[in-house]
Structures are given as structure tokens and as C-alpha cells.
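Working notes, beginning with the structure itself.
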Amino acid sequence: VAADLIPKFAAFTGRVERTEDQIEKMVLSLLRNGQEQDFTYRLDEERNVVPVTGHTRILAADRITKAGVKGVRYDPNGREYEVQFSTDNPFILTGRLHAMNALEAIIHTFVENDSDTRTPLNDMDSALLIRTLSETFNLSDSEIAKRLDKLPSWDSTPRALLIADPDTQIQITSGEMNFAQA
């Protein structure tokens, strides 16, 4: 169930938070098109499921279930039928297991969110990624750039945001301000 997965999101999920608009767009997409792509998960050391990608889909599926939204499902023959989603009849997502450790999961999440088909990470999200890779995994700046397929100087801009005051960080995260303005 999606609600069970939410507290288990990977330590770095690619974004500090999802906006209501992002979640609502995904709710509409899931109701209109169904799940178009599996979410990715890994197993931690205790063999617990840890979602690596698809966090917005998981949040949207949880919202559909809790709101008791009407939607459609398809039977094995591809025929559409209407259904009332609820905690007894949740919106079901499928996931795909990938064998990866925590560092590989973080890199995978970044690469997926760095593509042209996704909402790009903002500068603050990139700064938090750099801090996680540096402090948690002891990677040097050059190792970070190489693993993320970026220029060696790429991390200097977002890294500067880590020392910005909290109000500035919030404005950058929300999109009210960009790095140049900060």
C-alpha cells in the first residue's frame, strides 16, 4: 500500500518536497492514464522495501486511496470498469526491484530526475545532494561530478547555497528566487 511506503523513501529522494501542484497533476495522470511506469525500489540491509524513484506517484496513489476517488481499472481482457478507491480498495502501484546500495540509489535518483522528461531539481535540491554525497559517503567534489556525469566545477554553485540563511534556502526551494538572485 502506498501509505506504507511513504515513510520509507530513500534518504535523498531528489527533491526536498513535492508541491501540491505536482502531486495533483500526478493524481490526474494516474486516474486518466493509469500507472505508466513502475516505481523503483531496493532492499535495505534488513530487507525492507525502500522506494528509490516514483515518489510523486506513491504520494498521488496514497491521496487517491485516502480521498475515496472514483476511477477505472482494467480486467485481464483489457475491459475498463469503474471502481471506488478506498483503504479497503486502494489504488495499486507496481514497483521494480533493483539491486543497489544506498549510494547507487542516490545516484540513480539524481540521474532519473536530471533528464529532460522530469521536473529538474532546483539548486537547493542539488546542494543537499552534494552535501549527502560528501558527508555521508565521503566523496570528493571531483568524484561527485564524475558519478553524476557533470563538469568538475558543477557542484561549486549549489554548494554555496548550503551556507545561505534559511529564508533564502526556502525561497530557492520554492522557486521564488534562483541562485543568481541569492
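FYI, nothing fancy with the C-alpha cells labels: chains A, B, ... in order, residues from 1 per chain, ligands from 1 as they appear.
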Quiz item: If we count only C-alpha atoms, what is near region 22-35 of chain A at a cut-off of 10 Å, once residues fewer than 4 positions away on the same chain are taken out, given as a list in words?
Solution: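 Close residues of region 22-35 of chain A: Glu17, Arg18, Phe39, His55, Thr56, Arg57, Ile58, Leu59, Ala60, Ala61, Asp62, Arg63, Ile64, Val69, Lys70, Gly71, Val72, Arg73, Tyr74, Phe91, Ile92, Leu93, Thr94 and Thr119 of chain A.
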Interface rows for region 27-117 of chain A against region 140-145 of chain A: nearest pair, Å to one decimal, 12 Å, only C-alpha atoms, as CSV:
residue,atom,partner,partner_atom,distance
A:Leu103,CA,A:Ile144,CA,11.0
A:Ile106,CA,A:Ile144,CA,11.3
A:Ile107,CA,A:Ile144,CA,9.4
A:Phe110,CA,A:Ile144,CA,11.5
Quiz item: Which of region 39-173 of chain A counts as helix (DSSP H, G or I) under DSSP, as a PyMOL selection string please?
Solution: chain A and resi 55-67+102-113+123-136+141-147+156-163+166-173
Practice problem: Report the residues of region 54-134 of chain A whose backbone DSSP state falls under strand (DSSP E), written as a list in words. | Solution: Lys70, Gly71, Val72, Arg73, Tyr74, Glu80, Tyr81, Glu82, Val83, Gln84, Gly95, Arg96 and Leu97 of chain A
Please, could you write that set of residues out with N, CA and C atoms as a tab-separated table (two decimals), in the first residue's frame?
chain	number	residue	atom	x	y	z
A	70	LYS	N	-13.21	8.07	-7.39
A	70	LYS	CA	-13.65	7.09	-8.37
A	70	LYS	C	-12.67	7.09	-9.53
A	71	GLY	N	-12.42	5.92	-10.04
A	71	GLY	CA	-11.50	5.80	-11.16
A	71	GLY	C	-11.82	4.55	-11.96
A	72	VAL	N	-10.91	4.15	-12.80
A	72	VAL	CA	-11.11	2.96	-13.61
A	72	VAL	C	-9.99	1.96	-13.37
A	73	ARG	N	-10.33	0.72	-13.58
A	73	ARG	CA	-9.37	-0.38	-13.62
A	73	ARG	C	-9.67	-1.18	-14.87
A	74	TYR	N	-8.77	-2.07	-15.17
A	74	TYR	CA	-8.94	-2.90	-16.35
A	74	TYR	C	-8.90	-4.36	-15.94
A	80	GLU	N	-12.40	-1.91	-19.46
A	80	GLU	CA	-12.39	-0.89	-18.41
A	80	GLU	C	-13.63	-1.02	-17.54
A	81	TYR	N	-13.46	-0.85	-16.23
A	81	TYR	CA	-14.61	-0.79	-15.33
A	81	TYR	C	-14.34	0.24	-14.24
A	82	GLU	N	-15.44	0.85	-13.75
A	82	GLU	CA	-15.32	1.91	-12.75
A	82	GLU	C	-15.14	1.29	-11.37
A	83	VAL	N	-14.36	1.97	-10.55
A	83	VAL	CA	-14.09	1.48	-9.20
A	83	VAL	C	-14.03	2.67	-8.24
A	84	GLN	N	-14.45	2.44	-7.01
A	84	GLN	CA	-14.33	3.45	-5.95
A	84	GLN	C	-13.11	3.06	-5.11
A	95	GLY	N	5.97	-1.87	-8.60
A	95	GLY	CA	7.35	-1.43	-8.48
A	95	GLY	C	8.29	-2.48	-9.03
A	96	ARG	N	9.49	-2.06	-9.29
A	96	ARG	CA	10.52	-2.95	-9.82
A	96	ARG	C	11.73	-2.91	-8.89
A	97	LEU	N	12.14	-4.09	-8.45
A	97	LEU	CA	13.29	-4.21	-7.57
A	97	LEU	C	14.58	-4.06	-8.36
Exercise. Tell me which protein, DNA and RNA residues are within 12 Å of region 171-182 of chain A, counting only C-alpha atoms, leaving out same-chain ones fewer than 2 positions away, and put them as a PyMOL selection string.
Key: chain A and resi 15-20+120-128+156-169
Quiz item: Excluding same-chain residues fewer than 6 positions from Pro51 (chain A), what lies within 12 Å of it counting only C-alpha atoms, as a PyMOL selection string?
Solution: chain A and resi 2-14+38-44+57-59+93-98+100+102+105-106+108-109
How would the residues just chosen look if you wrote them out with N, CA and C atoms as a short mmCIF file (atom, residue, chain, number, x, y, z; two decimals), in the first residue's frame?
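Listing of part-v1.cif after writing:
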data_model
loop_
_atom_site.label_atom_id
_atom_site.label_comp_id
_atom_site.auth_asym_id
_atom_site.auth_seq_id
_atom_site.Cartn_x
_atom_site.Cartn_y
_atom_site.Cartn_z
N ALA A 2 0.54 2.23 -0.79
CA ALA A 2 1.35 3.44 -0.94
C ALA A 2 1.63 4.10 0.40
N ALA A 3 0.64 4.15 1.29
CA ALA A 3 0.83 4.81 2.58
C ALA A 3 1.95 4.15 3.38
N ASP A 4 2.12 2.86 3.23
CA ASP A 4 3.18 2.14 3.94
C ASP A 4 4.56 2.49 3.39
N LEU A 5 4.63 2.91 2.13
CA LEU A 5 5.92 3.21 1.50
C LEU A 5 6.41 4.62 1.80
N ILE A 6 5.52 5.54 2.07
CA ILE A 6 5.89 6.95 2.22
C ILE A 6 6.96 7.17 3.29
N PRO A 7 6.82 6.60 4.50
CA PRO A 7 7.88 6.85 5.48
C PRO A 7 9.19 6.13 5.18
N LYS A 8 9.20 5.32 4.14
CA LYS A 8 10.39 4.53 3.81
C LYS A 8 11.15 5.08 2.61
N PHE A 9 10.80 6.28 2.12
CA PHE A 9 11.50 6.87 1.00
C PHE A 9 13.00 6.90 1.28
N ALA A 10 13.79 6.75 0.23
CA ALA A 10 15.24 6.82 0.35
C ALA A 10 15.64 8.14 1.00
N ALA A 11 16.79 8.15 1.65
CA ALA A 11 17.26 9.34 2.39
C ALA A 11 17.31 10.57 1.49
N PHE A 12 17.79 10.43 0.29
CA PHE A 12 17.76 11.55 -0.65
C PHE A 12 16.84 11.14 -1.78
N THR A 13 15.71 11.82 -1.92
CA THR A 13 14.72 11.43 -2.91
C THR A 13 14.74 12.30 -4.15
N GLY A 14 15.68 13.24 -4.22
CA GLY A 14 15.76 14.06 -5.41
C GLY A 14 15.09 15.40 -5.27
N ASP A 38 6.70 1.77 -13.66
CA ASP A 38 6.90 1.23 -12.32
C ASP A 38 7.76 2.18 -11.50
N PHE A 39 7.54 2.19 -10.19
CA PHE A 39 8.49 2.89 -9.34
C PHE A 39 9.64 1.91 -9.08
N THR A 40 10.78 2.43 -8.72
CA THR A 40 11.96 1.62 -8.46
C THR A 40 12.17 1.53 -6.96
N TYR A 41 12.51 0.34 -6.48
CA TYR A 41 12.83 0.21 -5.07
C TYR A 41 14.02 -0.72 -4.90
N ARG A 42 14.62 -0.63 -3.73
CA ARG A 42 15.72 -1.51 -3.35
C ARG A 42 15.39 -2.10 -2.00
N LEU A 43 16.17 -3.07 -1.60
CA LEU A 43 16.03 -3.64 -0.26
C LEU A 43 17.19 -3.15 0.58
N ASP A 44 16.88 -2.71 1.79
CA ASP A 44 17.96 -2.28 2.68
C ASP A 44 18.58 -3.50 3.38
N ARG A 57 4.47 9.52 -7.63
CA ARG A 57 3.43 8.53 -7.92
C ARG A 57 2.91 7.89 -6.65
N ILE A 58 3.82 7.58 -5.73
CA ILE A 58 3.41 6.95 -4.47
C ILE A 58 2.55 7.91 -3.66
N LEU A 59 2.96 9.18 -3.56
CA LEU A 59 2.17 10.18 -2.84
C LEU A 59 0.79 10.36 -3.49
N LEU A 93 -0.05 0.41 -7.08
CA LEU A 93 1.09 0.71 -7.93
C LEU A 93 1.98 -0.53 -8.02
N THR A 94 2.69 -0.62 -9.11
CA THR A 94 3.67 -1.70 -9.22
C THR A 94 5.07 -1.10 -9.16
N GLY A 95 5.97 -1.87 -8.60
CA GLY A 95 7.35 -1.43 -8.48
C GLY A 95 8.29 -2.48 -9.03
N ARG A 96 9.49 -2.06 -9.29
CA ARG A 96 10.52 -2.95 -9.82
C ARG A 96 11.73 -2.91 -8.89
N LEU A 97 12.14 -4.09 -8.45
CA LEU A 97 13.29 -4.21 -7.57
C LEU A 97 14.58 -4.06 -8.36
N HIS A 98 15.48 -3.22 -7.85
CA HIS A 98 16.82 -3.09 -8.40
C HIS A 98 17.81 -3.35 -7.27
N MET A 100 20.75 -2.53 -5.47
CA MET A 100 21.65 -1.38 -5.37
C MET A 100 21.83 -1.02 -3.91
N ALA A 102 22.84 2.06 -0.94
CA ALA A 102 22.32 3.42 -0.72
C ALA A 102 22.96 4.45 -1.64
N ALA A 105 21.62 4.09 -5.09
CA ALA A 105 20.24 4.55 -5.13
C ALA A 105 20.17 6.07 -5.27
N ILE A 106 21.04 6.76 -4.53
CA ILE A 106 21.07 8.22 -4.62
C ILE A 106 21.46 8.68 -6.02
N HIS A 108 21.15 6.96 -8.79
CA HIS A 108 20.05 6.57 -9.68
C HIS A 108 18.92 7.61 -9.62
N THR A 109 18.58 8.04 -8.41
CA THR A 109 17.51 9.03 -8.24
C THR A 109 17.88 10.34 -8.94
#
